[in-house]
>>> print(open('data11.txt').read())   # compact mmCIF, C-alpha atoms
# COMPACT_ATOMS: atom_id res chain seq x y z
CA MET A 1 211.13 110.28 139.04
CA ASP A 2 211.32 112.88 136.35
CA LEU A 3 213.57 110.59 134.45
CA LEU A 4 210.98 107.82 134.62
CA VAL A 5 208.28 110.15 133.31
CA LEU A 6 210.55 111.22 130.50
CA LEU A 7 211.25 107.60 129.65
CA VAL A 8 207.56 106.83 129.56
CA LEU A 9 206.89 109.84 127.37
CA ALA A 10 209.75 108.84 125.11
CA VAL A 11 208.34 105.36 124.79
CA VAL A 12 204.87 106.74 123.99
CA VAL A 13 206.33 109.07 121.38
CA ILE A 14 208.26 106.20 119.80
CA VAL A 15 205.09 104.06 119.70
CA LEU A 16 203.14 106.88 118.07
CA ILE A 17 205.86 107.39 115.49
CA VAL A 18 205.87 103.66 114.65
CA SER A 19 202.11 103.66 114.39
CA LEU A 20 202.14 106.67 112.05
CA VAL A 21 204.74 105.03 109.85
CA THR A 22 202.71 101.84 109.72
CA LEU A 23 199.53 103.77 108.96
CA SER A 24 201.16 105.73 106.16
CA SER A 25 202.46 102.52 104.60
CA LYS A 26 198.98 101.01 104.80
CA LEU A 27 197.44 104.13 103.22
CA SER A 28 199.90 103.97 100.36
CA GLN A 29 199.06 100.30 99.80
CA VAL A 30 195.35 101.12 99.81
CA LYS A 31 195.89 103.90 97.30
CA THR A 32 197.88 101.53 95.11
CA LEU A 33 195.04 98.93 95.31
CA GLN A 34 192.45 101.60 94.38
CA GLU A 35 194.49 102.57 91.34
CA GLN A 36 194.74 98.92 90.33
CA ASN A 37 190.96 98.48 90.80
CA GLN A 38 190.23 101.50 88.64
CA ALA A 39 192.46 100.12 85.90
CA SER A 40 190.77 96.73 86.16
CA SER A 41 187.31 98.31 85.99
CA THR A 42 188.23 100.31 82.92
CA GLU A 43 189.60 97.13 81.26
CA LEU A 44 186.44 95.19 82.17
CA ILE A 45 184.16 97.89 80.75
CA ARG A 46 186.15 97.97 77.53
CA SER A 47 186.05 94.15 77.32
CA SER A 48 182.28 94.12 77.95
CA GLN A 49 181.66 96.69 75.24
CA GLU A 50 183.80 94.66 72.83
CA LEU A 51 181.86 91.52 73.76
CA ASP A 52 178.50 93.26 73.17
CA ARG A 53 179.65 94.47 69.79
CA ARG A 54 180.78 90.98 68.80
CA VAL A 55 177.53 89.39 70.02
CA THR A 56 175.50 91.99 68.12
CA ASP A 57 177.50 91.32 64.93
CA ASN A 58 177.08 87.57 65.34
CA MET A 59 173.33 87.91 65.93
CA THR A 60 172.95 90.06 62.83
CA ALA A 61 174.87 87.52 60.77
CA MET A 62 172.79 84.67 62.15
CA HIS A 63 169.54 86.50 61.36
CA GLN A 64 170.65 87.07 57.83
CA LEU A 65 171.67 83.41 57.48
CA MET A 66 168.34 82.20 58.96
CA ASP A 67 166.34 84.45 56.63
CA THR A 68 168.23 83.03 53.68
CA LYS A 69 167.65 79.43 54.82
CA LEU A 70 163.97 80.11 55.51
CA ASP A 71 163.48 81.54 52.04
CA GLN A 72 165.06 78.45 50.57
CA VAL A 73 162.93 76.12 52.69
CA ARG A 74 159.80 78.12 51.84
CA GLU A 75 160.48 77.74 48.13
CA VAL A 76 161.03 73.98 48.47
CA VAL A 77 157.85 73.52 50.57
CA ASP A 78 155.80 75.57 48.10
CA GLN A 79 157.01 73.43 45.24
CA LYS A 80 156.21 70.19 47.11
CA LEU A 81 152.79 71.45 48.20
CA THR A 82 151.94 72.50 44.67
CA THR A 83 152.94 69.08 43.32
CA THR A 84 151.03 67.24 46.06
CA LEU A 85 147.89 69.35 45.58
CA GLN A 86 147.91 68.79 41.87
CA ALA A 87 148.24 65.01 42.36
CA GLN A 88 145.49 64.91 45.01
CA THR A 89 143.20 67.10 42.87
CA LYS A 90 143.63 64.72 39.98
CA GLN A 91 142.91 61.69 42.17
CA THR A 92 139.88 63.43 43.68
CA ASP A 93 138.46 64.22 40.25
CA GLU A 94 138.92 60.62 39.22
CA ARG A 95 137.18 59.35 42.37
CA ILE A 96 134.32 61.83 41.95
CA ALA A 97 133.82 60.60 38.41
CA GLN A 98 133.73 57.00 39.65
CA LEU A 99 131.24 57.93 42.37
CA ASP A 100 129.04 59.75 39.88
CA ALA A 101 128.97 56.67 37.70
CA ARG A 102 128.16 54.40 40.64
CA PHE A 103 125.46 56.80 41.89
CA ASP A 104 123.82 56.89 38.45
CA ALA A 105 123.78 53.11 38.32
CA PHE A 106 122.40 52.94 41.88
CA GLN A 107 119.73 55.51 41.07
CA ARG A 108 118.66 53.53 38.03
CA ARG A 109 118.38 50.38 40.16
CA VAL A 110 116.44 52.22 42.84
CA ASP A 111 114.04 53.62 40.25
CA GLU A 112 113.46 50.17 38.83
CA ASN A 113 112.93 48.70 42.34
CA MET A 114 110.58 51.55 43.25
CA LYS A 115 108.50 50.93 40.15
CA THR A 116 108.31 47.20 40.89
CA THR A 117 107.57 47.77 44.59
CA SER A 118 104.94 50.41 43.78
CA GLN A 119 103.13 48.08 41.43
CA ALA A 120 103.23 45.23 43.98
CA SER A 121 102.17 47.56 46.83
CA THR A 122 99.31 48.90 44.70
CA GLU A 123 98.09 45.38 44.04
CA GLN A 124 98.46 44.37 47.72
CA LEU A 125 96.75 47.56 48.90
CA GLY A 126 93.88 46.87 46.55
CA LYS A 127 93.53 43.36 47.97
CA VAL A 128 93.85 44.64 51.54
CA ARG A 129 91.28 47.36 50.84
CA GLU A 130 88.83 44.81 49.47
CA THR A 131 89.42 42.55 52.52
CA VAL A 132 89.09 45.44 54.97
CA ASP A 133 85.93 46.70 53.27
CA LYS A 134 84.44 43.26 53.46
CA GLN A 135 85.39 42.82 57.13
CA LEU A 136 84.11 46.30 58.00
CA SER A 137 80.83 45.54 56.26
CA ASP A 138 80.51 42.26 58.16
CA MET A 139 81.43 43.96 61.43
CA ARG A 140 78.95 46.75 60.74
CA LYS A 141 76.18 44.26 60.16
CA GLU A 142 77.15 42.25 63.25
CA ASN A 143 77.37 45.40 65.38
CA GLU A 144 74.00 46.57 64.15
CA ALA A 145 72.50 43.22 65.07
CA LYS A 146 74.15 43.27 68.50
CA LEU A 147 73.12 46.88 69.09
CA GLU A 148 69.57 46.05 68.18
CA LEU A 149 69.64 43.09 70.56
CA MET A 150 71.19 45.27 73.29
CA ARG A 151 68.61 47.99 72.67
CA GLN A 152 65.81 45.47 73.06
CA THR A 153 67.40 44.04 76.23
CA VAL A 154 67.97 47.53 77.67
CA ASP A 155 64.41 48.55 76.80
CA GLU A 156 63.07 45.44 78.49
CA LYS A 157 65.24 45.99 81.59
CA LEU A 158 64.41 49.68 81.70
CA GLN A 159 60.72 48.95 81.39
CA LYS A 160 60.96 46.24 84.06
CA THR A 161 63.01 48.49 86.38
CA LEU A 162 60.66 51.41 85.75
CA ASP A 163 57.66 49.24 86.54
CA GLU A 164 59.34 47.95 89.72
CA ARG A 165 60.39 51.45 90.79
CA MET A 166 56.96 52.83 90.09
CA THR A 167 55.36 49.97 92.03
CA GLN A 168 57.77 50.50 94.94
CA SER A 169 57.22 54.26 94.84
CA PHE A 170 53.44 53.81 94.91
CA GLN A 171 53.80 51.30 97.73
CA ARG A 172 56.09 53.68 99.65
CA VAL A 173 53.71 56.56 99.07
CA SER A 174 50.79 54.41 100.19
CA THR A 175 52.72 53.33 103.29
CA GLN A 176 53.67 56.91 104.10
CA LEU A 177 50.10 58.02 103.58
CA GLU A 178 48.97 55.32 105.96
CA GLN A 179 51.62 56.46 108.46
CA VAL A 180 50.49 60.05 108.03
CA HIS A 181 46.91 58.95 108.56
CA GLN A 182 47.94 57.04 111.66
CA GLY A 183 49.98 60.05 112.82
CA LEU A 184 46.97 62.26 112.36
CA GLY A 185 44.95 59.82 114.43
CA GLU A 186 47.66 59.81 117.09
CA MET A 187 47.77 63.60 116.99
CA ARG A 188 44.01 63.68 117.52
CA GLY A 189 44.40 61.27 120.42
CA LEU A 190 47.28 63.34 121.76
CA ALA A 191 45.21 66.52 121.47
CA GLU A 192 42.40 64.81 123.33
CA GLY A 193 44.92 63.59 125.92
CA VAL A 194 46.34 67.11 126.29
CA GLY A 195 42.81 68.41 126.80
CA ASP A 196 42.16 65.70 129.37
CA LEU A 197 45.51 66.46 131.04
CA LYS A 198 44.61 70.14 131.14
CA LYS A 199 41.30 69.24 132.72
CA VAL A 200 43.07 67.00 135.21
CA LEU A 201 45.63 69.68 136.07
CA SER A 202 42.94 72.25 136.56
CA GLY A 203 42.14 70.75 139.99
CA VAL A 204 44.42 71.57 142.94
CA LYS A 205 44.29 68.07 144.37
CA THR A 206 44.95 66.50 140.98
CA ARG A 207 48.02 68.71 140.43
CA GLY A 208 49.34 67.62 143.82
CA ILE A 209 48.90 63.97 142.86
CA VAL A 210 50.86 64.54 139.59
CA GLY A 211 53.77 66.11 141.48
CA GLU A 212 53.70 63.32 144.09
CA ILE A 213 53.77 60.63 141.37
CA GLN A 214 56.73 62.23 139.60
CA LEU A 215 58.66 62.65 142.86
CA GLY A 216 58.00 59.02 143.78
CA ALA A 217 59.27 57.87 140.36
CA ILE A 218 62.53 59.81 140.83
CA LEU A 219 63.03 58.36 144.31
CA ARG A 220 62.36 54.81 143.10
CA ASP A 221 64.87 55.21 140.24
CA ILE A 222 67.73 56.37 142.47
CA LEU A 223 67.18 55.09 146.03
CA SER A 224 66.35 51.65 147.31
CA PRO A 225 63.01 51.10 149.14
CA GLU A 226 64.85 50.84 152.49
CA GLN A 227 66.31 54.32 152.09
CA TYR A 228 63.03 56.29 152.08
CA GLU A 229 59.37 56.06 153.13
CA GLU A 230 56.05 57.58 152.04
CA ASN A 231 53.58 59.56 154.12
CA VAL A 232 55.85 59.90 157.15
CA ALA A 233 55.00 61.78 160.36
CA THR A 234 58.36 63.43 160.83
CA VAL A 235 57.36 65.31 163.97
CA SER A 236 56.51 63.22 167.06
CA GLY A 237 52.94 63.64 168.20
CA SER A 238 51.93 65.45 164.99
CA SER A 239 49.27 64.26 162.57
CA GLU A 240 50.89 66.05 159.66
CA ARG A 241 52.51 63.63 157.21
CA VAL A 242 55.00 64.59 154.55
CA GLU A 243 54.72 62.90 151.15
CA PHE A 244 58.26 61.42 151.20
CA ALA A 245 61.11 61.34 153.71
CA VAL A 246 64.63 60.02 153.15
CA LYS A 247 66.28 58.04 155.95
CA LEU A 248 69.60 59.49 157.03
CA PRO A 249 71.87 57.89 159.65
CA GLY A 250 72.27 59.90 162.89
CA GLU A 251 75.34 60.17 165.07
CA SER A 252 74.08 57.53 167.54
CA GLY A 253 72.66 55.24 164.86
CA GLU A 254 69.09 56.56 165.00
CA THR A 255 67.18 57.57 161.87
CA VAL A 256 67.04 61.22 160.86
CA TRP A 257 64.34 62.16 158.34
CA LEU A 258 64.87 64.48 155.34
CA PRO A 259 61.35 65.78 154.46
CA ILE A 260 60.55 66.15 150.74
CA ASP A 261 57.18 67.58 149.69
CA SER A 262 56.00 68.30 146.14
CA LYS A 263 54.13 71.49 145.29
CA PHE A 264 52.58 72.53 141.99
CA PRO A 265 51.10 76.08 141.90
CA GLY A 266 49.59 75.47 138.50
CA ASP A 267 47.19 78.41 138.36
CA THR A 268 49.88 80.94 139.25
CA TYR A 269 52.34 79.43 136.79
CA GLU A 270 49.68 79.33 134.05
CA HIS A 271 48.95 83.05 134.59
CA LEU A 272 52.69 83.78 134.25
CA VAL A 273 52.96 81.76 131.02
CA ASP A 274 49.92 83.50 129.52
CA ALA A 275 51.39 86.92 130.43
CA ILE A 276 54.75 86.02 128.84
CA ASN A 277 53.02 84.81 125.65
CA ALA A 278 50.97 88.03 125.53
CA GLY A 279 54.08 90.18 126.09
CA ASN A 280 52.37 92.29 128.78
CA GLU A 281 55.13 93.56 131.08
CA GLU A 282 52.76 94.60 133.87
CA ALA A 283 50.97 91.25 133.79
CA ILE A 284 54.34 89.45 133.79
CA ALA A 285 55.54 91.41 136.83
CA ALA A 286 52.25 90.79 138.67
CA ALA A 287 52.32 87.06 137.81
CA LYS A 288 55.94 86.74 139.01
CA LYS A 289 55.04 88.50 142.23
CA GLY A 290 52.10 86.15 142.72
CA LEU A 291 54.34 83.10 142.05
CA GLU A 292 56.90 84.36 144.55
CA THR A 293 54.19 84.84 147.21
CA ARG A 294 52.77 81.37 146.54
CA ILE A 295 56.20 79.71 146.82
CA LYS A 296 56.85 81.51 150.13
CA VAL A 297 53.51 80.29 151.49
CA GLU A 298 54.29 76.69 150.48
CA ALA A 299 57.82 76.90 151.98
CA LYS A 300 56.41 78.27 155.26
CA ASP A 301 53.86 75.44 155.35
CA ILE A 302 56.62 72.81 154.90
CA SER A 303 58.84 74.47 157.51
CA THR A 304 56.04 74.63 160.07
CA LYS A 305 54.72 71.09 159.58
CA TYR A 306 57.72 68.86 158.80
CA ILE A 307 60.98 70.33 160.22
CA ALA A 308 61.75 69.34 163.84
CA PRO A 309 65.45 68.65 164.60
CA PRO A 310 66.91 66.34 165.82
CA GLU A 311 64.21 63.99 164.53
CA THR A 312 64.56 65.60 161.13
CA THR A 313 67.27 67.51 159.34
CA ASN A 314 67.38 71.24 159.87
CA PHE A 315 66.09 71.78 156.34
CA ALA A 316 63.47 70.34 153.97
CA ILE A 317 63.06 70.00 150.18
CA LEU A 318 60.26 71.67 148.19
CA PHE A 319 59.94 69.74 144.91
CA LEU A 320 58.58 71.44 141.76
CA PRO A 321 57.55 68.79 139.16
CA PHE A 322 58.30 70.85 136.00
CA GLU A 323 61.60 72.34 134.83
CA GLY A 324 59.90 75.44 133.46
CA LEU A 325 58.29 76.19 136.82
CA TYR A 326 61.59 75.55 138.61
CA ALA A 327 63.43 77.86 136.17
CA GLU A 328 60.96 80.68 136.86
CA VAL A 329 61.41 80.29 140.63
CA VAL A 330 65.22 80.23 140.30
CA SER A 331 65.10 83.36 138.15
CA GLN A 332 63.48 85.33 140.98
CA THR A 333 66.34 87.36 142.44
CA GLY A 334 67.11 86.43 146.05
CA LEU A 335 64.10 84.13 146.41
CA LEU A 336 66.06 80.89 146.98
CA GLU A 337 68.34 82.55 149.55
CA GLN A 338 65.30 84.00 151.38
CA LEU A 339 63.60 80.58 151.49
CA GLN A 340 66.75 78.96 152.89
CA ARG A 341 67.33 81.72 155.42
CA GLU A 342 63.78 82.28 156.71
CA TYR A 343 62.08 78.92 156.20
CA ARG A 344 65.06 76.49 155.93
CA VAL A 345 63.61 75.12 152.68
CA ASN A 346 65.55 74.25 149.51
CA VAL A 347 63.79 74.26 146.12
CA CYS A 348 64.54 71.45 143.63
CA GLY A 349 63.34 70.63 140.12
CA PRO A 350 63.40 67.16 138.51
CA SER A 351 67.07 67.40 137.42
CA THR A 352 68.38 68.97 140.63
CA MET A 353 66.39 66.47 142.69
CA ALA A 354 68.06 63.60 140.83
CA ALA A 355 71.49 65.19 141.46
CA LEU A 356 70.72 65.64 145.17
CA LEU A 357 69.54 62.03 145.52
CA ASN A 358 72.65 60.76 143.74
CA SER A 359 74.79 62.69 146.22
CA LEU A 360 72.82 61.16 149.09
CA GLN A 361 73.25 57.72 147.54
CA MET A 362 77.02 58.19 147.53
CA GLY A 363 76.83 59.22 151.18
CA PHE A 364 74.85 56.08 151.98
CA GLN A 365 77.51 53.97 150.28
CA SER A 366 80.25 55.68 152.30
CA VAL A 367 78.38 54.98 155.54
CA ALA A 368 77.84 51.35 154.53
CA ILE A 369 81.55 50.99 153.76
CA GLN A 370 82.45 52.43 157.16
CA LYS A 371 80.04 50.02 158.90
CA HIS A 372 81.48 47.01 157.11
CA ALA A 373 85.11 48.13 157.32
CA ASP A 374 85.88 45.66 160.15
CA GLU A 375 84.31 42.78 158.25
CA ILE A 376 86.24 43.73 155.13
CA GLN A 377 89.47 43.84 157.18
CA LYS A 378 88.80 40.35 158.55
CA VAL A 379 88.06 38.99 155.07
CA LEU A 380 91.24 40.56 153.70
CA SER A 381 93.28 39.07 156.58
CA ALA A 382 91.82 35.63 155.88
CA VAL A 383 92.49 36.03 152.18
CA LYS A 384 96.09 37.03 152.92
CA THR A 385 96.61 33.94 155.11
CA GLU A 386 94.99 31.68 152.55
CA PHE A 387 97.05 33.32 149.81
CA GLU A 388 100.29 32.40 151.59
CA THR A 389 99.14 28.77 151.76
CA TYR A 390 98.03 28.96 148.14
CA GLN A 391 101.44 30.32 147.14
CA ALA A 392 103.26 27.54 148.99
CA GLN A 393 101.07 24.90 147.29
CA LEU A 394 101.72 26.51 143.91
CA GLU A 395 105.50 26.47 144.50
CA LYS A 396 105.30 22.81 145.51
CA ALA A 397 103.25 21.97 142.39
CA GLN A 398 105.74 23.92 140.28
CA LYS A 399 108.64 21.83 141.66
CA GLN A 400 106.73 18.60 140.93
CA ILE A 401 105.96 19.77 137.40
CA ARG A 402 109.65 20.60 136.82
CA THR A 403 110.67 17.16 138.14
CA ALA A 404 108.14 15.47 135.83
CA GLU A 405 109.37 17.58 132.92
CA THR A 406 112.99 16.55 133.61
CA THR A 407 111.95 12.86 133.76
CA ILE A 408 110.04 13.14 130.48
CA ASP A 409 113.04 14.84 128.81
CA LYS A 410 115.28 11.96 129.95
CA ILE A 411 112.78 9.42 128.60
CA LEU A 412 112.49 11.26 125.28
CA THR A 413 116.25 11.67 124.84
CA THR A 414 118.36 9.09 126.73
CA ARG A 415 115.94 6.13 126.75
CA THR A 416 114.70 6.72 123.23
CA LYS A 417 118.26 6.92 121.89
CA ALA A 418 119.20 3.73 123.75
CA MET A 419 116.18 1.89 122.34
CA ASN A 420 116.96 3.13 118.82
CA ARG A 421 120.60 1.91 119.17
CA LYS A 422 119.37 -1.55 120.20
CA LEU A 423 116.80 -1.67 117.37
CA ARG A 424 119.19 -0.63 114.58
CA GLY A 425 119.96 -4.27 113.71
CA VAL A 426 116.31 -5.30 113.66
CA THR A 427 114.59 -5.35 110.25
CA ALA A 428 111.28 -3.49 110.17
CA LEU A 429 108.13 -5.13 108.76
CA GLU A 430 107.10 -3.81 105.37
CA SER A 431 103.37 -3.57 106.19
CA LEU A 432 102.01 -1.34 108.96
CA GLU A 433 99.01 -3.67 109.35
CA ASP A 434 101.33 -6.65 110.02
CA ALA A 435 103.19 -4.63 112.63
CA GLN A 436 99.95 -3.60 114.35
CA SER A 437 98.70 -7.18 114.24
CA THR A 438 101.95 -8.51 115.71
CA LEU A 439 101.85 -5.97 118.54
CA GLY A 440 98.14 -6.50 119.14
CA LEU A 441 97.32 -2.98 118.01
CA VAL A 442 94.54 -3.78 115.54
CA GLU A 443 92.34 -0.78 114.67
CA GLY A 444 89.27 -2.39 116.19
CA SER A 445 91.03 -3.21 119.44
CA VAL A 446 92.50 0.29 119.59
CA GLU A 447 89.04 1.81 119.21
CA ASP A 448 87.71 -0.57 121.88
CA GLN A 449 90.51 0.48 124.22
CA GLU A 450 89.73 4.13 123.58
CA ASP A 451 86.03 3.48 124.29
CA ASP A 452 86.97 1.68 127.51
CA GLU A 453 89.10 4.62 128.55
>>> encode(input="data11.txt", output="structure tokens")
Amino acid sequence: MDLLVLLVLAVVVIVLIVSLVTLSSKLSQVKTLQEQNQASSTELIRSSQELDRRVTDNMTAMHQLMDTKLDQVREVVDQKLTTTLQAQTKQTDERIAQLDARFDAFQRRVDENMKTTSQASTEQLGKVRETVDKQLSDMRKENEAKLELMRQTVDEKLQKTLDERMTQSFQRVSTQLEQVHQGLGEMRGLAEGVGDLKKVLSGVKTRGIVGEIQLGAILRDILSPEQYEENVATVSGSSERVEFAVKLPGESGETVWLPIDSKFPGDTYEHLVDAINAGNEEAIAAAKKGLETRIKVEAKDISTKYIAPPETTNFAILFLPFEGLYAEVVSQTGLLEQLQREYRVNVCGPSTMAALLNSLQMGFQSVAIQKHADEIQKVLSAVKTEFETYQAQLEKAQKQIRTAETTIDKILTTRTKAMNRKLRGVTALESLEDAQSTLGLVEGSVEDQEDDE
């Protein structure tokens, strides 16, 4: 075992020794190569320096040679340029001399032509001036004559127009004066009418008649005569009759009356208007209080006499015939609500009465439509049935029309073409009259046939 270890160690030692020998030989070779490289580098540097020196010498020699050649070329070019410039200067001088001579000759010709042209132009201008002066003189005379004629015509037309305008103005003024005179007469009549109206309205009964007439006119304009009546006893067994009552349909078909009575407290309203015009606050307050009291009295009277459900509605209408009076009543705070609550009376003026009646008219129409709804349904059912029959007849007629159209198209195309093919060999008559005579289509006979038809 020890021997084997010694052998292994010996082998390792031998390998190391061989490796060292090899390494030393390699190192010596490397050192030799380094020395060779250093020698080569030194030789290359020396060669490069020698080459630079030679190139520098050659460049210096070439520069010197080029400078010499350039000097020579410069001298030759200068000589040639000098010669060429001298020759061109000489030619230029000669040409300038020729041009000067030609220009002098041309200037002489131009001067001669200018003199000739100036003389001719002067003569022509003189002739033209004489002609123009003559024409201007003639035109001036002609224009003066025309202007004079125009002035006379304008004066005549102005005088005629002025006379007509003055006549029309006087006529218009006279007409307007007559109209003013008539207006003054109408104003006098109107003033007398206003005085008469004031006298008429001064009576209580007369004022009531005015309000009744106006209320009746409004009812006649909006409702039909069957929808209202005059002087109606709305309460059974009572002798009190309201001026107007509108017929309303009840639930069982009976008539329910809507009482409408017109009131016109003219004295109270006149006191209020006078107080407002005077600007007296105390008088205005007192007059308004008096108007309020009077309206309450009238509402109570209507409620007591004319309201009796179910024969009547549970309210009545108090009609005021003037918008100003109605506006004053409406302006009283809480008055309308108190009248509705305590007396079941609504106050209406002319405009609000018309609106209320229009609303009632629409209600009447709705009721009439409901009554006739069954009849309308029957008529619509009959129309629907008849419409189906009508539609079937129309479809049948449409088919017949299409069949006739197809037949006519065949006649116009197929038959006409066939007849034309057969008639191609036939020679046509030259005269239309001969053709009509041959076919029996003389104008007289044609007219007779048309008359017979």
>>> closest_residue(input="data11.txt", among="A:Leu20, A:Val110, A:Leu258, A:Leu356", to="Phe315 in chain A", atoms="all atoms listed in the file")
A:Leu258
>>> atom_distance(input="data11.txt", atom1="CA of Gln332 in chain A", atom2="CA of Ala354 in chain A")
22.2 Å
>>> closest_residue(input="data11.txt", among="A:Ala392, A:Ala61, A:Met353, A:Ala233", to="Thr312 in chain A", atoms="only C-alpha atoms")
A:Ala233
>>> atom_distance(input="data11.txt", atom1="CA of Pro309 in chain A", atom2="CA of Leu291 in chain A")
29.0 Å
>>> closest_residue(input="data11.txt", among="A:Glu311, A:Asp133, A:Glu281, A:Asp221", to="Leu248 in chain A", atoms="all atoms listed in the file")
A:Glu311
>>> atom_distance(input="data11.txt", atom1="CA of Leu320 in chain A", atom2="CA of Ser366 in chain A")
28.8 Å
>>> residues_around(input="data11.txt", residues="Ala275 in chain A", least_positions_apart="3", cutoff="10 Å", atoms="all atoms listed in the file", output="PyMOL selection string")
chain A and resi 269-272+278-288
